[in-house]
2 protein chains.
Amino acid sequence: MLLSFFITKTMFYANIYPMSKIQDNKMEEIISLCKRRGFIFQGSEIYGGLSGFFDYGPLGVELKKNIENIWWEMFVTKRDDIFGLDATQIMHPKTFEASGHAKNFADPMVEDIKTKKKYRADQLLEDLGEDVSSMSPQDMDSFIKEKGIKSPDGNELGRVTKFNMMFSTIVGASGDEDSRTYFRPETAQGIFTNYKNVLDSLHPKIPFGIAQIGKSFRNEVAPRDFIFRIREFTQMEIEFFIKKEDWKDHFENFRKSTWDFIEAVGINKEIVSEFDVPAEDRAHYSEKTIDFEFEYPFGKKELFGLAYRTDLSYFDQQTGERFIPHVIEPSLGLERTVLAVLTSAYHEDEMNGEKIVFLKLPKEIAPYQFAVSPLLKNKPELVALAREIYENLKSKGVRVIFDDNGNIGKRYRRQDEIGTPSCITVDFDSLEDQTVTLRDRDTGEQKRVKIEDL
Amino acid sequence: MLLSFFITKTMFYANIYPMSKIQDNKMEEIISLCKRRGFIFQGSEIYGGLSGFFDYGPLGVELKKNIENIWWEMFVTKRDDIFGLDATQIMHPKTFEASGHAKNFADPMVEDIKTKKKYRADQLLEDLGEDVSSMSPQDMDSFIKEKGIKSPDGNELGRVTKFNMMFSTIVGASGDEDSRTYFRPETAQGIFTNYKNVLDSLHPKIPFGIAQIGKSFRNEVAPRDFIFRIREFTQMEIEFFIKKEDWKDHFENFRKSTWDFIEAVGINKEIVSEFDVPAEDRAHYSEKTIDFEFEYPFGKKELFGLAYRTDLSYFDQQTGERFIPHVIEPSLGLERTVLAVLTSAYHEDEMNGEKIVFLKLPKEIAPYQFAVSPLLKNKPELVALAREIYENLKSKGVRVIFDDNGNIGKRYRRQDEIGTPSCITVDFDSLEDQTVTLRDRDTGEQKRVKIEDL
């Protein structure tokens with residue numbers, strides 16, 4: 001029964017879930033679990049789906065919020081020197097001229113001249129096993145021509161062109177091109193444009209940082225790998241303003257904090273590694289960049305970035321003043337984090353010949369911290385006490401679910417699969433001695449606990 | 001000095017902060033406070049600003065997050081029957097055909113034929129004291145012609161046309177019009193398109209609801225009144241699915257919950273009133289709508305909406321199945337809430353002939369719950385103990401600020417102005433008896449409290 005479910009899903013999503021080469025079927029299992037249990041759905045699915053857009057379901061939105069809260073608490077609430085911000089996604093077009101995105105934020109694109117399908121030239125070549133890291137679009141074009149490389153459908157490819165990845169729109173009622181602007185491709189822009197506002201209102205002294213969690217938008221030519229490369233995504237970014245001579249210390253501090261965050265959200269540290277990006281691959285403004293890479297089921301890919309951006313090249317147009325601080329930029333993609341968390345948490349086991357699934361999420365980020373069940377559904381006194389415990393936890397703001405479907409074994413399986421760390425079961429002894437069974441997801445250990453101690 | 005500050009700001013923002021007629025200068029004072037103290041900044045301000053876009057500064061983002069959290073806890077975490085969701089902002093174009101927005105989400109627009117400036121015809125007529133509530137664009141057009149109404153610059157006006165308020169963009173690399181779609185104008189769309197996903201994954205029984213907090217976008221012809229009518233805004237919306245015969249009970253429950261929320265975030269209930277929207281002014285799908293109206297400094301305007309939308313008219317295109325539940329929709333604008341909260345909290349008083357300002361925010365939503373100060377800045381032992389108390393609170397995730405600027409009176413003024421409910425002062429007695437002065441923002445009352453009891 002499980003198998004047929006997966007087959008159906010695989011067929012159904014053939015077009016919507018394009019993937020890089022897959023080493024095993026773990027990715028497929030995670031995607032299926034996400035949909036089946038309400039973590040993540042294809043965006044606009046009832047209309048056939050919109051490629052590169054994914055919605056968080058009821059369990060996903062809690063997981064996501066918990067991760068955001070850990071980041072915010074770690075980098076804003078508990079720190080002295082980092083201030084929060086939330087800037088709009090649509091910004092003045094001059095923002096993107098100043099940042100260089102209007103001109104340079106482009107991917108190499110190539111078209112199958114028969115089907116008119118568009119491909120990212122770099123991905124096409126990477127999938128063929130080529131190393132494209134130092135190739136320009138011109139290089140890729142020459143390479144494709146020289147080697148006679150064809151499209152995945154076997155047709156000839158056109159010229160490699162540059163495609164600007166920002167989503168544009170027209171603001172205001174005039175409808176003319178003068179009013180065209182863009183949705184930010186990075187949250188960083190909203191931080192840089194507010195640097196002076198934060199300085200004028202809170203008067204922080206250097207070193208200090210500004211942190212933001214918000215949506216960014218990139219019109220990817222070829223979105224792929226579930227929520228890894230998508231067109232609408234959430235970033236958690238800090239711009240930390242420093243004196244030039246101190247950059248190495250601050251860089252090292254953020255390197256350490258990034259590892260702390262990786263640990264706090266339960267990403268498997270064993271399969272995270274630092275990659276010191278060589279000069280030729282760094283953004284032009286960066287003097288040092290470390291990519292934190294994670295072993296996703298589809299290969300080792302960038303999880304987080306940490307860059308020393310050197311000096312801030314924004315101007316105050318009113319005063320003509322130039323901002324001179326240097327900047328360290330820790331930049332995290334929330335969806336990549338969610339995917340690394342899910343990949344780290346996903347475990348399979350076997351019981352009586354049947355596959356069982358565990359999502360070993362830390363209790364701080366699991367959608368539900370507790371599940372409460374009566375041992376038997378048809379014993380009103382057990383149900384009443386279980387409801388009382390549930391309502392009491394819920395009224396305190398604890399994330400808790402009431403589950404009385406099927407037998408107790410099935411309930412444990414169901415809670416294991418969505419990552420609930422502890423299950424509370426009310427049985428006949430509970431009515432006598434006011435204790436319940438507390439069962440641990442990861443060890444399977446069960447112990448009796450007083451209701452008042454929960 | 002304060003006065004000259006306000007005059008400068010007023011002149012500077014003449015174009016960016018268009019306002020409805022203002023009864024007093026309270027709105028101007030709030031806008032000035034928001035910028036001066038880091039609550040809210042004009043979007044893209046360093047590039048001259050972008051009309052209808054505002055950024056939350058370090059204090060504003062905390063205030064906003066606290067309000068969001070209260071709403072989420074009240075309607076999702078503490079309830080059994082409402083599930084969270086977070087859908088993308090860009091959706092499939094069929095979403096907006098099905099919802100009617102592609103065709104009908106339009107404002108009446110009229111152009112000054114000389115200056116080419118665009119106006120909302122209804123607002124133009126309202127500002128002249130006309131009642132436009134039942135006028136169609138055609139009616140407005142006839143009215144303007146008959147009465148010979150001119151633009152605010154005294155020029156002739158063109159025809160009243162309909163202007164679609166959705167921001168559109170092209171998704172994918174093809175660049176052709178077939179790939180054009182829209183940013184959602186309401187969060188509701190993301191909920192309706194996921195109705196079936198939630199049903200299939202969590203199997204809730206009717207009645208149940210889906211709740212979402214997220215950005216919506218409307219290309220307003222004439223954004224105005226600070227953060228009241230803006231182009232990029234945050235909605236907190238629930239679609240609650242019910243049986244038709246139960247609608248009155250559920251509607252009444254949400255009416256009550258809305259008042260509970262109004263109280264929880266500290267909006268002045270005395271100046272909120274319910275307006276039972278008459279049939280001719282309701283959306284076509286609604287059988288009953290209540291607007292919760294608030295007395296903003298620029299007049300009585302809609303704060304929240306509560307609508308009985310009757311039956312859900314979305315289809316599952318795969319199965320051809322029609323969704324039949326009826327729907328109650330409580331819909332809240334976060335920025336309108338923030339503005340009502342600030343308006344309710346803003347108080348002025350006088351001390352020694354100088355104006356002093358209080359932001360009487362509930363402690364649950366104030367950006368900082370505590371400020372910690374040493375009585376004297378130049379006494380290391382006082383500073384050390386104050387820092388220790390501050391660090392200790394901060395490490396527990398309490399929102400706390402350290403303030404040692406100026407004398408203690410000035411610090412209290414500064415904290416009153418940003419709404420910090422309690423100030424903790426460390427003095428020489430503290431070193432002896434481990435007590436501090438706890439000063440209350442609203443009463444001015446000061447009492448000695450043991451450090452361990454903070």
# chains A, B, ... in the order shown; residues from 1 in each chain; ligands from 1

call {"tool": "select_by_dssp", "arguments": {"residues": "region 153-314 of chain A", "states": "alpha helix (DSSP H)", "output": "ChimeraX atom specification"}}
result
/A:188-193,195-202,247-264

call {"tool": "select_by_dssp", "arguments": {"residues": "region 180-297 of chain B", "states": "strand (DSSP E)", "output": "count of residues only"}}
result
39

call {"tool": "interface_residues", "arguments": {"of": "chain A", "to": "chain B", "cutoff": "7 Å", "atoms": "only C-alpha atoms", "output": "JSON, numbers by chain"}}
result
{"A": [36, 37, 38, 43, 44, 46, 47, 50, 53, 54, 55, 56, 57, 58, 61, 73, 77, 78, 83, 84, 85, 86, 87, 88, 91, 92, 94, 118, 167, 168, 169, 171, 172, 173, 193, 198, 201, 202, 219, 220, 221, 316, 317, 394, 395, 397, 399]}

call {"tool": "residues_around", "arguments": {"residues": "Gln369 (chain B)", "least_positions_apart": "2", "cutoff": "9 Å", "atoms": "only C-alpha atoms", "output": "VMD selection string"}}
result
chain B and resid 363 to 367 371 398 to 401 419 to 423

call {"tool": "write_last_selection", "arguments": {"atoms": "N, CA, C and O atoms", "output": "PDB file, in the first residue's frame"}}
result
ATOM      1  N   LYS B 363       2.516  45.440  28.303  1.00  0.00           N
ATOM      2  CA  LYS B 363       3.877  44.899  28.416  1.00  0.00           C
ATOM      3  C   LYS B 363       4.118  43.722  27.475  1.00  0.00           C
ATOM      4  O   LYS B 363       5.238  43.441  27.067  1.00  0.00           O
ATOM      5  N   GLU B 364       3.016  43.022  27.080  1.00  0.00           N
ATOM      6  CA  GLU B 364       3.156  41.878  26.166  1.00  0.00           C
ATOM      7  C   GLU B 364       3.636  42.304  24.776  1.00  0.00           C
ATOM      8  O   GLU B 364       4.212  41.497  24.054  1.00  0.00           O
ATOM      9  N   ILE B 365       3.359  43.534  24.386  1.00  0.00           N
ATOM     10  CA  ILE B 365       3.734  43.920  23.022  1.00  0.00           C
ATOM     11  C   ILE B 365       4.794  45.018  22.961  1.00  0.00           C
ATOM     12  O   ILE B 365       5.303  45.327  21.887  1.00  0.00           O
ATOM     13  N   ALA B 366       5.142  45.620  24.080  1.00  0.00           N
ATOM     14  CA  ALA B 366       6.171  46.673  24.075  1.00  0.00           C
ATOM     15  C   ALA B 366       7.487  46.101  23.525  1.00  0.00           C
ATOM     16  O   ALA B 366       7.829  44.957  23.820  1.00  0.00           O
ATOM     17  N   PRO B 367       8.226  46.900  22.719  1.00  0.00           N
ATOM     18  CA  PRO B 367       9.500  46.389  22.165  1.00  0.00           C
ATOM     19  C   PRO B 367      10.440  45.896  23.259  1.00  0.00           C
ATOM     20  O   PRO B 367      11.069  44.865  23.113  1.00  0.00           O
ATOM     21  N   ALA B 371      13.942  48.305  30.994  1.00  0.00           N
ATOM     22  CA  ALA B 371      15.203  49.009  30.773  1.00  0.00           C
ATOM     23  C   ALA B 371      15.991  48.894  32.073  1.00  0.00           C
ATOM     24  O   ALA B 371      15.416  49.004  33.154  1.00  0.00           O
ATOM     25  N   VAL B 398      14.357  37.607  27.768  1.00  0.00           N
ATOM     26  CA  VAL B 398      13.532  38.782  28.068  1.00  0.00           C
ATOM     27  C   VAL B 398      13.958  39.923  27.143  1.00  0.00           C
ATOM     28  O   VAL B 398      15.149  40.081  26.866  1.00  0.00           O
ATOM     29  N   ARG B 399      13.006  40.702  26.622  1.00  0.00           N
ATOM     30  CA  ARG B 399      13.331  41.853  25.786  1.00  0.00           C
ATOM     31  C   ARG B 399      13.721  43.010  26.708  1.00  0.00           C
ATOM     32  O   ARG B 399      12.877  43.619  27.358  1.00  0.00           O
ATOM     33  N   VAL B 400      15.011  43.293  26.761  1.00  0.00           N
ATOM     34  CA  VAL B 400      15.510  44.252  27.744  1.00  0.00           C
ATOM     35  C   VAL B 400      16.567  45.152  27.104  1.00  0.00           C
ATOM     36  O   VAL B 400      17.295  44.727  26.204  1.00  0.00           O
ATOM     37  N   ILE B 401      16.599  46.415  27.522  1.00  0.00           N
ATOM     38  CA  ILE B 401      17.578  47.365  26.976  1.00  0.00           C
ATOM     39  C   ILE B 401      18.419  47.926  28.109  1.00  0.00           C
ATOM     40  O   ILE B 401      17.923  48.127  29.226  1.00  0.00           O
ATOM     41  N   GLY B 419       7.658  53.199  25.147  1.00  0.00           N
ATOM     42  CA  GLY B 419       6.680  52.282  25.720  1.00  0.00           C
ATOM     43  C   GLY B 419       7.215  51.217  26.644  1.00  0.00           C
ATOM     44  O   GLY B 419       6.504  50.252  26.950  1.00  0.00           O
ATOM     45  N   THR B 420       8.456  51.365  27.143  1.00  0.00           N
ATOM     46  CA  THR B 420       9.015  50.372  28.073  1.00  0.00           C
ATOM     47  C   THR B 420       8.251  50.438  29.402  1.00  0.00           C
ATOM     48  O   THR B 420       8.281  51.472  30.071  1.00  0.00           O
ATOM     49  N   PRO B 421       7.568  49.350  29.795  1.00  0.00           N
ATOM     50  CA  PRO B 421       6.686  49.429  30.972  1.00  0.00           C
ATOM     51  C   PRO B 421       7.427  49.614  32.296  1.00  0.00           C
ATOM     52  O   PRO B 421       6.922  50.272  33.184  1.00  0.00           O
ATOM     53  N   SER B 422       8.635  49.026  32.406  1.00  0.00           N
ATOM     54  CA  SER B 422       9.323  49.066  33.702  1.00  0.00           C
ATOM     55  C   SER B 422      10.795  49.424  33.543  1.00  0.00           C
ATOM     56  O   SER B 422      11.480  48.864  32.689  1.00  0.00           O
ATOM     57  N   CYS B 423      11.255  50.357  34.393  1.00  0.00           N
ATOM     58  CA  CYS B 423      12.674  50.716  34.418  1.00  0.00           C
ATOM     59  C   CYS B 423      13.280  50.225  35.734  1.00  0.00           C
ATOM     60  O   CYS B 423      12.716  50.436  36.801  1.00  0.00           O
TER      61      CYS B 423
END

call {"tool": "closest_residue", "arguments": {"among": "A:Thr437, A:Thr289, A:Ser32, A:Ser331", "to": "Leu303 (chain A)", "atoms": "only C-alpha atoms"}}
result
A:Ser331

call {"tool": "residues_around", "arguments": {"residues": "Lys243 (chain B)", "least_positions_apart": "3", "cutoff": "7 Å", "atoms": "only C-alpha atoms", "output": "number ranges by chain"}}
result
B: 246-247, 325-326

call {"tool": "atom_distance", "arguments": {"atom1": "CA of Asp81 (chain A)", "atom2": "CA of Gly209 (chain A)"}}
result
6.2 Å

call {"tool": "atom_distance", "arguments": {"atom1": "CA of Val327 (chain B)", "atom2": "CA of Phe241 (chain B)"}}
result
4.7 Å

call {"tool": "atom_distance", "arguments": {"atom1": "CA of Phe254 (chain A)", "atom2": "CA of Tyr285 (chain A)"}}
result
18.7 Å

call {"tool": "residues_around", "arguments": {"residues": "Ser142 (chain A)", "least_positions_apart": "5", "cutoff": "10 Å", "atoms": "only C-alpha atoms", "output": "PDB file with all heavy atoms, in the first residue's frame"}}
result
ATOM      1  N   SER A 136      32.628  31.492 -17.840  1.00  0.00           N
ATOM      2  CA  SER A 136      31.717  32.606 -18.100  1.00  0.00           C
ATOM      3  C   SER A 136      30.635  32.097 -19.060  1.00  0.00           C
ATOM      4  O   SER A 136      30.782  31.035 -19.663  1.00  0.00           O
ATOM      5  CB  SER A 136      32.482  33.757 -18.748  1.00  0.00           C
ATOM      6  OG  SER A 136      32.837  33.391 -20.067  1.00  0.00           O
ATOM      7  N   PRO A 137      29.527  32.861 -19.220  1.00  0.00           N
ATOM      8  CA  PRO A 137      28.512  32.443 -20.205  1.00  0.00           C
ATOM      9  C   PRO A 137      29.131  32.240 -21.595  1.00  0.00           C
ATOM     10  O   PRO A 137      28.770  31.298 -22.308  1.00  0.00           O
ATOM     11  CB  PRO A 137      27.519  33.612 -20.194  1.00  0.00           C
ATOM     12  CG  PRO A 137      27.645  34.196 -18.828  1.00  0.00           C
ATOM     13  CD  PRO A 137      29.097  34.036 -18.457  1.00  0.00           C
ATOM     14  N   LYS A 147      31.838  20.981 -28.375  1.00  0.00           N
ATOM     15  CA  LYS A 147      31.591  19.574 -28.059  1.00  0.00           C
ATOM     16  C   LYS A 147      30.298  19.065 -28.695  1.00  0.00           C
ATOM     17  O   LYS A 147      29.945  17.894 -28.543  1.00  0.00           O
ATOM     18  CB  LYS A 147      31.508  19.378 -26.538  1.00  0.00           C
ATOM     19  CG  LYS A 147      32.699  19.902 -25.761  1.00  0.00           C
ATOM     20  CD  LYS A 147      33.784  18.840 -25.603  1.00  0.00           C
ATOM     21  CE  LYS A 147      35.015  19.443 -24.958  1.00  0.00           C
ATOM     22  NZ  LYS A 147      36.049  18.477 -24.627  1.00  0.00           N
ATOM     23  N   GLY A 148      29.554  19.989 -29.335  1.00  0.00           N
ATOM     24  CA  GLY A 148      28.291  19.570 -29.954  1.00  0.00           C
ATOM     25  C   GLY A 148      27.271  19.057 -28.955  1.00  0.00           C
ATOM     26  O   GLY A 148      26.544  18.097 -29.208  1.00  0.00           O
ATOM     27  N   ARG A 159      22.160  29.957 -28.437  1.00  0.00           N
ATOM     28  CA  ARG A 159      23.266  30.676 -27.805  1.00  0.00           C
ATOM     29  C   ARG A 159      23.048  30.773 -26.295  1.00  0.00           C
ATOM     30  O   ARG A 159      21.906  30.886 -25.838  1.00  0.00           O
ATOM     31  CB  ARG A 159      23.372  32.094 -28.370  1.00  0.00           C
ATOM     32  CG  ARG A 159      24.428  32.250 -29.455  1.00  0.00           C
ATOM     33  CD  ARG A 159      24.705  33.731 -29.753  1.00  0.00           C
ATOM     34  NE  ARG A 159      25.218  34.458 -28.615  1.00  0.00           N
ATOM     35  CZ  ARG A 159      24.717  35.624 -28.168  1.00  0.00           C
ATOM     36  NH1 ARG A 159      23.705  36.174 -28.784  1.00  0.00           N
ATOM     37  NH2 ARG A 159      25.261  36.219 -27.123  1.00  0.00           N
ATOM     38  N   VAL A 160      24.130  30.770 -25.535  1.00  0.00           N
ATOM     39  CA  VAL A 160      24.018  30.989 -24.089  1.00  0.00           C
ATOM     40  C   VAL A 160      23.880  32.495 -23.856  1.00  0.00           C
ATOM     41  O   VAL A 160      24.726  33.281 -24.274  1.00  0.00           O
ATOM     42  CB  VAL A 160      25.258  30.450 -23.332  1.00  0.00           C
ATOM     43  CG1 VAL A 160      25.166  30.778 -21.842  1.00  0.00           C
ATOM     44  CG2 VAL A 160      25.393  28.946 -23.542  1.00  0.00           C
TER      45      VAL A 160
END
